[in-house]
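Quick look at start_20.cif (mmCIF, C-alpha atoms and all ligand atoms):
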```
data_start
#
loop_
_atom_site.label_atom_id
_atom_site.label_comp_id
_atom_site.auth_asym_id
_atom_site.auth_seq_id
_atom_site.Cartn_x
_atom_site.Cartn_y
_atom_site.Cartn_z
CA MET A 28 64.87 88.72 99.63
CA SER A 29 68.35 87.56 98.60
CA ALA A 30 69.56 84.05 99.25
CA ALA A 31 72.04 85.43 101.78
CA ALA A 32 69.32 87.29 103.71
CA LYS A 33 67.14 84.18 103.86
CA ASP A 34 70.14 82.28 104.96
CA VAL A 35 71.56 84.56 107.60
CA GLN A 36 70.22 82.48 110.50
CA HIS A 37 72.27 79.64 109.08
CA TYR A 38 75.50 81.56 109.80
CA LEU A 39 74.39 82.36 113.35
CA ARG A 40 73.51 78.83 114.44
CA PRO A 41 75.58 77.14 117.17
CA GLY A 42 79.01 75.79 116.19
CA THR A 43 82.28 74.62 117.70
CA LEU A 44 84.05 78.01 117.85
CA GLN A 45 83.57 80.69 120.51
CA LEU A 46 84.45 84.15 119.19
CA GLY A 47 84.18 86.68 122.01
CA ALA A 48 84.00 89.63 119.63
CA LEU A 49 83.97 90.08 115.87
CA PRO A 50 87.20 91.51 114.36
CA PRO A 51 87.42 94.78 112.42
CA LEU A 52 85.88 94.62 108.94
CA SER A 53 87.49 95.74 105.66
CA LEU A 54 86.12 95.79 102.13
CA TYR A 55 88.06 94.57 99.08
CA VAL A 56 86.79 95.53 95.61
CA HIS A 57 88.31 93.76 92.59
CA LEU A 58 88.45 95.49 89.18
CA PRO A 59 89.77 92.80 86.82
CA TRP A 60 91.03 94.52 83.65
CA CYS A 61 94.51 95.53 82.51
CA LEU A 62 95.88 97.13 79.35
CA ARG A 63 98.03 94.05 78.81
CA LYS A 64 98.62 90.86 80.77
CA CYS A 65 102.10 90.79 82.33
CA PRO A 66 103.96 87.48 81.75
CA TYR A 67 104.59 86.88 85.50
CA CYS A 68 101.11 87.71 86.77
CA ASP A 69 98.66 85.14 88.12
CA PHE A 70 96.15 87.64 89.53
CA ASN A 71 92.62 87.56 88.18
CA SER A 72 93.38 90.15 85.51
CA HIS A 73 92.21 90.17 81.91
CA GLU A 74 93.42 92.12 78.93
CA VAL A 75 90.86 94.76 77.87
CA ALA A 76 88.93 94.34 74.65
CA ARG A 77 89.79 96.92 71.97
CA GLU A 78 87.74 98.77 69.40
CA ALA A 79 88.75 98.91 65.73
CA ASN A 80 90.71 102.14 66.43
CA GLY A 81 92.62 100.44 69.24
CA ALA A 82 90.81 102.22 72.09
CA ALA A 83 90.40 100.13 75.25
CA THR A 84 86.84 99.27 76.18
CA VAL A 85 85.88 98.36 79.72
CA PRO A 86 82.18 97.77 80.55
CA GLU A 87 82.47 100.13 83.51
CA GLN A 88 78.79 100.86 84.15
CA ARG A 89 77.63 97.26 83.91
CA TYR A 90 80.48 96.17 86.17
CA LEU A 91 79.59 98.86 88.72
CA ASP A 92 75.96 97.69 88.63
CA ALA A 93 77.18 94.15 89.30
CA LEU A 94 79.31 95.33 92.24
CA VAL A 95 76.29 97.06 93.80
CA ALA A 96 74.15 93.94 93.37
CA ASP A 97 76.97 91.85 94.86
CA LEU A 98 77.31 94.20 97.85
CA GLU A 99 73.56 94.29 98.46
CA SER A 100 73.32 90.50 98.55
CA ALA A 101 76.20 90.39 101.04
CA LEU A 102 74.91 93.10 103.40
CA PRO A 103 73.00 90.76 105.74
CA LEU A 104 76.30 89.01 106.54
CA VAL A 105 77.94 92.21 107.83
CA TRP A 106 74.87 93.98 109.19
CA GLY A 107 75.67 96.98 111.39
CA ARG A 108 79.47 96.50 111.27
CA PRO A 109 81.53 99.62 110.46
CA VAL A 110 84.12 99.38 107.68
CA HIS A 111 87.68 100.46 108.60
CA SER A 112 89.32 100.26 105.17
CA ILE A 113 88.56 99.77 101.49
CA PHE A 114 91.06 98.44 98.97
CA ILE A 115 90.25 98.80 95.28
CA GLY A 116 92.63 96.33 93.68
CA GLY A 117 93.13 94.51 90.43
CA GLY A 118 93.84 94.22 87.70
CA THR A 119 94.36 97.88 87.07
CA PRO A 120 91.71 99.92 88.89
CA SER A 121 93.18 103.17 87.54
CA LEU A 122 91.83 102.08 84.11
CA PHE A 123 88.39 103.03 85.45
CA SER A 124 87.51 106.70 85.05
CA PRO A 125 87.55 108.91 88.16
CA GLN A 126 83.78 109.37 87.62
CA SER A 127 83.30 105.62 87.92
CA ILE A 128 85.39 105.46 91.10
CA ASP A 129 83.32 108.35 92.45
CA ARG A 130 80.13 106.42 91.70
CA LEU A 131 81.56 103.24 93.24
CA LEU A 132 82.51 104.97 96.50
CA GLY A 133 79.13 106.74 96.60
CA ASP A 134 77.34 103.40 96.13
CA ILE A 135 79.42 101.87 98.92
CA ARG A 136 78.84 104.78 101.33
CA ALA A 137 75.09 104.53 100.73
CA ARG A 138 75.13 100.91 101.92
CA LEU A 139 77.90 100.57 104.50
CA LYS A 140 78.90 102.67 107.47
CA LEU A 141 82.49 103.79 106.94
CA GLU A 142 84.66 104.83 109.90
CA ALA A 143 85.46 108.55 109.82
CA ASP A 144 89.15 107.81 109.14
CA CYS A 145 88.48 104.94 106.72
CA GLU A 146 91.59 104.25 104.58
CA ILE A 147 90.61 103.97 100.90
CA THR A 148 93.40 102.64 98.66
CA LEU A 149 93.33 102.41 94.86
CA GLU A 150 95.92 100.53 92.80
CA ALA A 151 97.32 102.49 89.89
CA ASN A 152 99.54 101.55 86.97
CA PRO A 153 101.91 104.25 85.62
CA GLY A 154 100.74 103.26 82.12
CA THR A 155 97.28 104.69 82.89
CA PHE A 156 98.61 107.96 84.25
CA GLU A 157 97.42 111.25 82.80
CA LYS A 158 97.74 114.71 84.28
CA ASP A 159 94.99 115.42 86.84
CA ARG A 160 93.73 111.82 86.88
CA PHE A 161 95.24 111.06 90.29
CA ARG A 162 93.80 114.26 91.78
CA ALA A 163 90.39 113.29 90.44
CA PHE A 164 90.68 109.93 92.25
CA ARG A 165 91.53 111.91 95.40
CA SER A 166 88.42 114.06 94.91
CA ALA A 167 86.34 110.89 94.52
CA GLY A 168 87.38 109.95 98.07
CA VAL A 169 90.45 107.74 97.56
CA THR A 170 92.90 108.50 100.42
CA ARG A 171 95.87 106.38 99.37
CA LEU A 172 97.31 105.42 95.99
CA SER A 173 99.34 102.27 95.41
CA VAL A 174 101.54 102.68 92.34
CA GLY A 175 102.76 99.50 90.60
CA VAL A 176 106.26 100.48 89.45
CA GLN A 177 108.12 97.11 89.66
CA SER A 178 111.44 98.59 88.45
CA PHE A 179 112.94 101.85 87.21
CA ASN A 180 115.17 100.05 84.72
CA ASP A 181 113.77 100.27 81.17
CA ALA A 182 115.30 96.95 80.07
CA HIS A 183 113.80 95.16 83.08
CA LEU A 184 110.43 96.84 82.60
CA LYS A 185 110.48 95.54 79.06
CA ALA A 186 111.41 92.01 80.17
CA LEU A 187 108.50 92.16 82.62
CA GLY A 188 106.13 93.11 79.80
CA ARG A 189 105.17 96.37 81.51
CA VAL A 190 103.22 98.97 79.54
CA HIS A 191 105.20 101.88 81.03
CA ASP A 192 108.83 103.01 81.08
CA SER A 193 110.95 104.39 83.89
CA ALA A 194 110.22 108.07 83.11
CA GLN A 195 106.47 107.40 83.28
CA ALA A 196 106.93 105.57 86.58
CA VAL A 197 108.82 108.52 88.10
CA ALA A 198 106.19 110.98 86.83
CA ALA A 199 103.37 108.84 88.25
CA VAL A 200 105.01 108.56 91.68
CA GLU A 201 105.76 112.31 91.77
CA GLU A 202 102.12 113.03 90.96
CA ALA A 203 100.94 110.54 93.61
CA ALA A 204 103.11 112.40 96.17
CA LEU A 205 101.52 115.73 95.21
CA ALA A 206 97.94 114.48 95.13
CA PHE A 207 97.92 112.21 98.22
CA ASP A 208 98.96 112.49 101.88
CA THR A 209 100.09 108.88 101.77
CA PHE A 210 100.91 106.42 98.99
CA ASN A 211 102.62 103.12 98.29
CA LEU A 212 105.12 102.12 95.65
CA ASP A 213 105.36 98.45 94.52
CA LEU A 214 108.72 97.08 93.40
CA MET A 215 109.86 93.57 92.54
CA TYR A 216 113.40 92.17 92.82
CA ALA A 217 115.36 89.16 91.57
CA LEU A 218 114.25 90.17 88.07
CA PRO A 219 115.45 88.42 84.90
CA GLY A 220 119.14 89.32 84.46
CA GLN A 221 119.15 91.73 87.43
CA SER A 222 122.51 92.37 89.13
CA MET A 223 123.04 93.59 92.69
CA GLU A 224 124.10 97.00 91.32
CA GLN A 225 120.89 97.27 89.31
CA LEU A 226 118.83 96.36 92.36
CA GLU A 227 120.64 99.11 94.29
CA GLU A 228 119.86 101.58 91.49
CA ASP A 229 116.16 100.65 91.66
CA MET A 230 116.16 101.09 95.44
CA THR A 231 118.05 104.39 95.29
CA GLN A 232 115.58 105.76 92.76
CA ALA A 233 112.58 104.50 94.75
CA LEU A 234 113.87 106.00 98.02
CA ALA A 235 114.70 109.31 96.30
CA LEU A 236 110.95 109.66 95.68
CA ALA A 237 110.41 109.37 99.48
CA PRO A 238 107.45 106.99 99.45
CA PRO A 239 105.68 106.77 102.84
CA HIS A 240 105.17 103.04 102.12
CA LEU A 241 107.13 100.62 99.96
CA SER A 242 106.26 97.01 99.05
CA VAL A 243 109.10 94.95 97.63
CA TYR A 244 108.25 91.48 96.33
CA HIS A 245 110.55 88.67 95.25
CA LEU A 246 109.54 87.93 91.64
CA THR A 247 107.83 84.55 91.80
CA ILE A 248 107.41 82.32 88.79
CA GLU A 249 103.76 81.37 89.22
CA PRO A 250 102.21 78.27 87.59
CA ASN A 251 100.00 78.95 84.56
CA THR A 252 101.78 82.16 83.57
CA TYR A 253 103.80 82.89 80.46
CA PHE A 254 106.99 82.86 82.58
CA ALA A 255 106.14 79.37 83.86
CA LYS A 256 106.05 78.15 80.24
CA PHE A 257 109.10 80.13 79.12
CA PRO A 258 111.13 80.64 82.29
CA PRO A 259 113.51 83.62 82.21
CA ARG A 260 116.95 83.39 83.85
CA VAL A 261 116.61 84.91 87.30
CA PRO A 262 119.25 85.47 90.02
CA ASP A 263 120.04 82.37 92.13
CA ASP A 264 118.72 81.97 95.70
CA ASP A 265 121.92 83.23 97.38
CA THR A 266 121.90 86.40 95.30
CA ALA A 267 118.19 86.88 95.99
CA TYR A 268 118.83 86.58 99.76
CA ALA A 269 121.68 89.09 99.51
CA MET A 270 119.35 91.42 97.59
CA LEU A 271 116.74 91.20 100.33
CA ASP A 272 119.37 92.06 102.97
CA ARG A 273 120.39 95.09 100.92
CA ILE A 274 116.74 96.16 100.53
CA THR A 275 116.20 95.97 104.30
CA GLU A 276 119.45 97.87 104.92
CA MET A 277 118.66 100.63 102.42
CA THR A 278 115.08 101.12 103.60
CA ALA A 279 116.23 101.26 107.24
CA GLY A 280 118.81 103.88 106.22
CA ALA A 281 115.93 105.90 104.76
CA GLY A 282 113.94 105.73 108.01
CA MET A 283 111.55 103.00 106.91
CA GLU A 284 110.67 100.03 109.07
CA ARG A 285 110.22 96.52 107.72
CA TYR A 286 106.99 95.79 109.57
CA GLU A 287 105.98 92.81 107.41
CA VAL A 288 107.90 90.37 105.20
CA SER A 289 107.49 92.55 102.08
CA ALA A 290 106.28 95.87 103.50
CA TYR A 291 108.28 98.90 104.66
CA ALA A 292 106.77 102.08 106.08
CA ARG A 293 107.56 105.38 107.67
CA ARG A 294 106.00 106.01 111.06
CA GLY A 295 102.24 106.47 110.76
CA HIS A 296 102.06 105.12 107.19
CA ARG A 297 101.48 101.38 107.62
CA CYS A 298 98.74 100.03 105.41
CA TRP A 299 95.70 99.56 107.63
CA HIS A 300 93.99 97.29 105.12
CA ASN A 301 96.85 94.83 104.79
CA LEU A 302 97.47 94.92 108.54
CA ASN A 303 93.89 93.81 109.02
CA TYR A 304 94.53 90.77 106.75
CA TRP A 305 97.71 89.94 108.65
CA GLN A 306 95.98 90.32 112.01
CA PHE A 307 93.33 87.86 110.80
CA GLY A 308 90.64 90.53 110.61
CA ASP A 309 87.53 90.19 108.46
CA TYR A 310 87.06 91.31 104.88
CA LEU A 311 84.19 91.24 102.51
CA GLY A 312 85.48 90.77 98.96
CA ILE A 313 83.30 91.91 96.07
CA GLY A 314 84.08 91.79 92.35
CA ALA A 315 85.28 89.09 89.95
CA GLY A 316 87.24 86.36 91.74
CA ALA A 317 87.34 88.32 95.02
CA HIS A 318 88.00 86.38 98.20
CA GLY A 319 86.34 87.16 101.52
CA LYS A 320 86.64 86.01 105.12
CA LEU A 321 83.81 86.69 107.56
CA SER A 322 83.41 85.79 111.22
CA PHE A 323 80.27 84.93 113.17
CA PRO A 324 79.99 84.07 116.87
CA HIS A 325 80.50 80.33 116.22
CA ARG A 326 82.14 80.02 112.78
CA ILE A 327 84.43 81.63 110.21
CA ILE A 328 83.58 81.39 106.53
CA ARG A 329 85.48 82.00 103.32
CA GLN A 330 83.86 83.03 100.06
CA VAL A 331 85.07 83.30 96.45
CA ARG A 332 83.17 85.19 93.72
CA TYR A 333 82.90 83.99 90.09
CA ARG A 334 86.26 84.61 88.49
CA GLU A 335 85.62 85.29 84.82
CA PRO A 336 84.39 88.92 84.52
CA ARG A 337 81.39 88.22 82.25
CA LEU A 338 80.26 85.24 84.27
CA TYR A 339 80.68 87.32 87.42
CA MET A 340 78.59 90.19 86.05
CA ASP A 341 75.77 87.89 84.90
CA ASN A 342 75.68 86.04 88.20
CA ALA A 343 76.08 89.09 90.44
CA LEU A 344 73.27 90.89 88.61
CA ALA A 345 71.10 87.80 89.16
CA GLY A 346 71.84 88.05 92.91
CA GLN A 347 74.32 85.18 93.09
CA ALA A 348 77.92 86.44 92.89
CA VAL A 349 79.35 83.80 95.23
CA ALA A 350 80.79 80.79 93.41
CA GLN A 351 82.15 78.99 96.46
CA GLU A 352 81.66 79.23 100.16
CA GLU A 353 83.06 77.11 102.97
CA GLU A 354 83.41 77.12 106.68
CA VAL A 355 87.03 77.13 107.88
CA SER A 356 87.47 73.96 109.90
CA ARG A 357 88.79 74.06 113.48
CA ALA A 358 91.79 72.02 112.38
CA ASP A 359 92.78 74.54 109.70
CA LEU A 360 92.42 77.68 111.80
CA PRO A 361 95.81 77.72 113.61
CA PHE A 362 97.70 77.41 110.30
CA GLU A 363 95.51 80.01 108.59
CA PHE A 364 96.06 82.42 111.47
CA MET A 365 99.84 81.85 111.41
CA LEU A 366 100.05 82.24 107.61
CA ASN A 367 99.08 85.84 108.26
CA ALA A 368 100.19 86.80 111.78
CA LEU A 369 103.76 85.46 111.52
CA ARG A 370 104.38 87.71 108.50
CA LEU A 371 104.38 90.62 110.93
CA ARG A 372 107.60 91.71 112.65
CA GLU A 373 105.55 92.31 115.81
CA GLY A 374 103.84 88.94 115.60
CA PHE A 375 100.61 88.62 117.56
CA THR A 376 99.26 88.56 121.10
CA LEU A 377 97.94 85.34 122.59
CA ALA A 378 94.70 87.18 123.34
CA GLN A 379 94.41 88.05 119.63
CA PHE A 380 94.82 84.39 118.67
CA SER A 381 91.87 83.32 120.84
CA GLU A 382 89.76 86.30 119.91
CA ARG A 383 90.26 85.90 116.15
CA THR A 384 90.06 82.10 115.86
CA GLY A 385 87.61 81.33 118.67
CA LEU A 386 90.01 78.55 119.79
CA ALA A 387 91.66 78.00 123.16
CA LEU A 388 95.44 78.54 123.43
CA THR A 389 95.89 74.83 124.05
CA ALA A 390 95.37 74.43 120.28
CA ILE A 391 98.85 75.88 119.60
CA GLN A 392 100.84 75.07 122.72
CA GLY A 393 102.73 72.13 121.18
CA PRO A 394 103.79 73.90 117.93
CA LEU A 395 104.69 77.09 119.84
CA ALA A 396 107.04 75.15 122.11
CA GLU A 397 108.61 73.44 119.09
CA ALA A 398 109.03 76.76 117.24
CA GLU A 399 110.71 78.27 120.30
CA ARG A 400 113.00 75.27 120.66
CA ARG A 401 114.13 75.72 117.05
CA GLY A 402 114.77 79.43 117.60
CA LEU A 403 112.06 80.49 115.14
CA ILE A 404 109.97 82.55 117.60
CA GLU A 405 110.48 84.51 120.80
CA ARG A 406 107.67 85.06 123.27
CA ASP A 407 106.65 86.44 126.64
CA LEU A 408 103.40 85.92 128.53
CA ALA A 409 101.44 88.12 126.14
CA ARG A 410 103.09 88.12 122.71
CA VAL A 411 104.71 85.83 120.12
CA ARG A 412 107.16 87.22 117.53
CA PRO A 413 109.10 85.57 114.73
CA THR A 414 112.88 85.84 115.32
CA GLU A 415 115.23 86.88 112.48
CA ARG A 416 115.69 83.18 111.80
CA GLY A 417 111.91 82.65 111.89
CA PHE A 418 111.50 85.42 109.32
CA ASP A 419 114.12 83.79 107.07
CA PHE A 420 112.48 80.35 107.36
CA LEU A 421 108.91 81.57 107.52
CA SER A 422 107.24 78.69 105.67
CA ASP A 423 108.98 76.12 107.92
CA LEU A 424 107.74 78.07 110.93
CA GLN A 425 104.18 78.32 109.60
CA GLN A 426 104.06 74.65 108.75
CA LEU A 427 104.52 73.70 112.38
CA PHE A 428 100.92 74.82 112.86
CA LEU A 429 99.42 72.64 110.11
CA ALA A 430 96.41 70.73 111.47
CA ALA A 431 97.38 71.69 115.02
CA ALA A 432 93.89 72.09 116.53
C1 LIG B 501 97.73 93.11 91.54
S1 LIG B 501 99.23 93.90 91.34
C2 LIG B 501 98.54 95.53 91.31
C3 LIG B 501 99.20 96.67 90.63
C4 LIG B 501 98.99 96.86 89.14
N1 LIG B 501 98.18 95.86 88.56
C5 LIG B 501 100.33 96.83 88.52
O1 LIG B 501 100.83 95.73 88.24
O2 LIG B 501 100.89 97.90 88.33
C6 LIG B 501 100.02 93.95 92.91
C7 LIG B 501 101.50 93.78 92.96
O3 LIG B 501 101.83 92.42 93.08
C8 LIG B 501 103.17 92.23 92.65
N2 LIG B 501 103.25 91.01 91.86
C9 LIG B 501 102.43 90.62 90.88
N3 LIG B 501 102.82 89.41 90.38
C10 LIG B 501 103.94 89.04 91.06
C11 LIG B 501 104.83 87.91 91.00
N4 LIG B 501 104.65 86.91 90.13
N5 LIG B 501 105.86 87.88 91.87
C12 LIG B 501 106.04 88.87 92.76
N6 LIG B 501 105.24 89.96 92.85
C13 LIG B 501 104.20 90.05 92.01
C14 LIG B 501 103.55 93.47 91.85
O4 LIG B 501 104.51 94.22 92.55
C15 LIG B 501 102.25 94.23 91.75
O5 LIG B 501 102.43 95.61 91.76
S1 LIG B 502 99.24 95.24 85.39
FE1 LIG B 502 99.30 94.26 87.44
S2 LIG B 502 97.43 93.00 87.61
FE2 LIG B 502 97.68 93.62 85.44
S3 LIG B 502 98.68 91.88 84.50
FE3 LIG B 502 100.29 93.32 85.14
S4 LIG B 502 100.87 92.71 87.25
FE4 LIG B 502 98.95 91.69 86.75
#
```

Step by step, read the file and then write its structure as structure tokens.
Amino acid sequence: MSAAAKDVQHYLRPGTLQLGALPPLSLYVHLPWCLRKCPYCDFNSHEVAREANGAATVPEQRYLDALVADLESALPLVWGRPVHSIFIGGGTPSLFSPQSIDRLLGDIRARLKLEADCEITLEANPGTFEKDRFRAFRSAGVTRLSVGVQSFNDAHLKALGRVHDSAQAVAAVEEAALAFDTFNLDLMYALPGQSMEQLEEDMTQALALAPPHLSVYHLTIEPNTYFAKFPPRVPDDDTAYAMLDRITEMTAGAGMERYEVSAYARRGHRCWHNLNYWQFGDYLGIGAGAHGKLSFPHRIIRQVRYREPRLYMDNALAGQAVAQEEEVSRADLPFEFMLNALRLREGFTLAQFSERTGLALTAIQGPLAEAERRGLIERDLARVRPTERGFDFLSDLQQLFLAAA
């Protein structure tokens, strides 16, 4: 019996929270390899090893074995709960062969009950695109592709250290559109040396490909990346704000709604998986460095798997993939909830707050009143929404809920 199975009573013992019902459950699967490490990236991604002839080698089968062992050890914690979405992220999951993704999804289906309309997203890099590969992912059961484009400008792609050029990005997105009923395109803005005109060109090209979903992220210089050591010249804050306004305007003109800080979608194409994060739903995270959040009637726990791929594989195969686990304290819950829920244009319902955190509304009455006074939220008896101003000063708004309970 795994440690988790022996331990499951431990998670069910009495505690200070009262969750009336458990939230929907998603599954995140991390595949940690990339062809090359991008200089801005702080995700748990590792450059592939290469053979003498330069061919990339990924230990796909051993990693899949480790994922199955990881999942099996975690099953007692999610017993009987249906899974609403799966997100295969990275790294560059499209580096794995379609046969491996087929095996992965088969292994998951054999162990978890998936909802009939379960959304299954896979992240793909245009640099790993070959004819028919995307269709083979579709045949393996993937329902949604997320293509990491970042920019359509060759000079910017080069500055970002990307392994693909603009023509490859267009070809990959066109193929995604043919092979999938729904897909996402990732872009970044405020790139090194980017002008407003160049941003508009990127947006025009992206929208011409009619993506059902678009994620546009402000390029962040993350600590411990190459860019943190050798910072490129990026547009100033005022220009970046103006760029964001233009992005929102152009997407709205194309019939897309900004439903979250960085996410734009056509009707019916919101990302279920990310919505579940933002609505403070549950997710089991398997794979190297994966994070998970799981609820029980009287507590909410967070888990992190071993980060380094080899260490992860060794430990997962020995039945111990979890490197760290902690219970979220009552005091931290309001802030953690708001970090997610206030990213949504629609905000959250008061009922959702109590249901998802197991706390009474009194825990947030003070900060809610203060946020309203400062014009950062609007609310009625049932719902709380960030205002335009709240969206612009989101971290100030969220911080009002620090240690509120
Ligand atoms: C884990 S990556 C997955 C996609 C795939 N690995 C790729 O890069 O093509 C998810 C997305 O996060 C965004 N991202 C990564 N690092 C970022 C940073 N430093 N600032 C802003 N966005 C970033 C990129 O748009 C990227 O497509
Ligand atoms: S391809 Fe994606 S995950 Fe990999 S290093 Fe680049 S941004 Fe990070």

### Query
What is the distance, in Å and to one decimal place, between atom CA of Asp134 of chain A and atom CA of Trp60 of chain A?
20.5 Å

### Task
Could you tell me, counting all atoms listed in the file, which protein and nucleic acid residues lie no more than 7 Å from ligand LIG 501 (chain B), written as a PyMOL selection string?
chain A and resi 67-70+116-119+150-153+174-177+213-215+243-249

### Task
Between A:Ala387, A:Pro59, A:Arg400, A:Phe418, single out the one closest to Leu271 of chain A, counting only C-alpha atoms.
A:Phe418

### Task
Counting only C-alpha atoms, figure out which residue out of A:Ile115, A:Leu311, A:Met223, A:Ala93 gets nearest to Arg171 of chain A.
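Once distances to Arg171 of chain A are computed over only C-alpha atoms, the minimum belongs to A:Ile115.
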
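Comparing the minimum interatomic distances between His318 of chain A and each of A:Ala378, A:Ala235, A:Leu54, A:Ala281, counting all atoms listed in the file, we find that A:Leu54 sits nearest.
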
### Task
Can you pull out every residue within 10 Å of Leu421 of chain A, counting all atoms listed in the file, but drop anything in the same chain fewer than 2 positions away, and send it as a PyMOL selection string?
chain A and resi 288+365-366+369-370+403+413-419+423-426
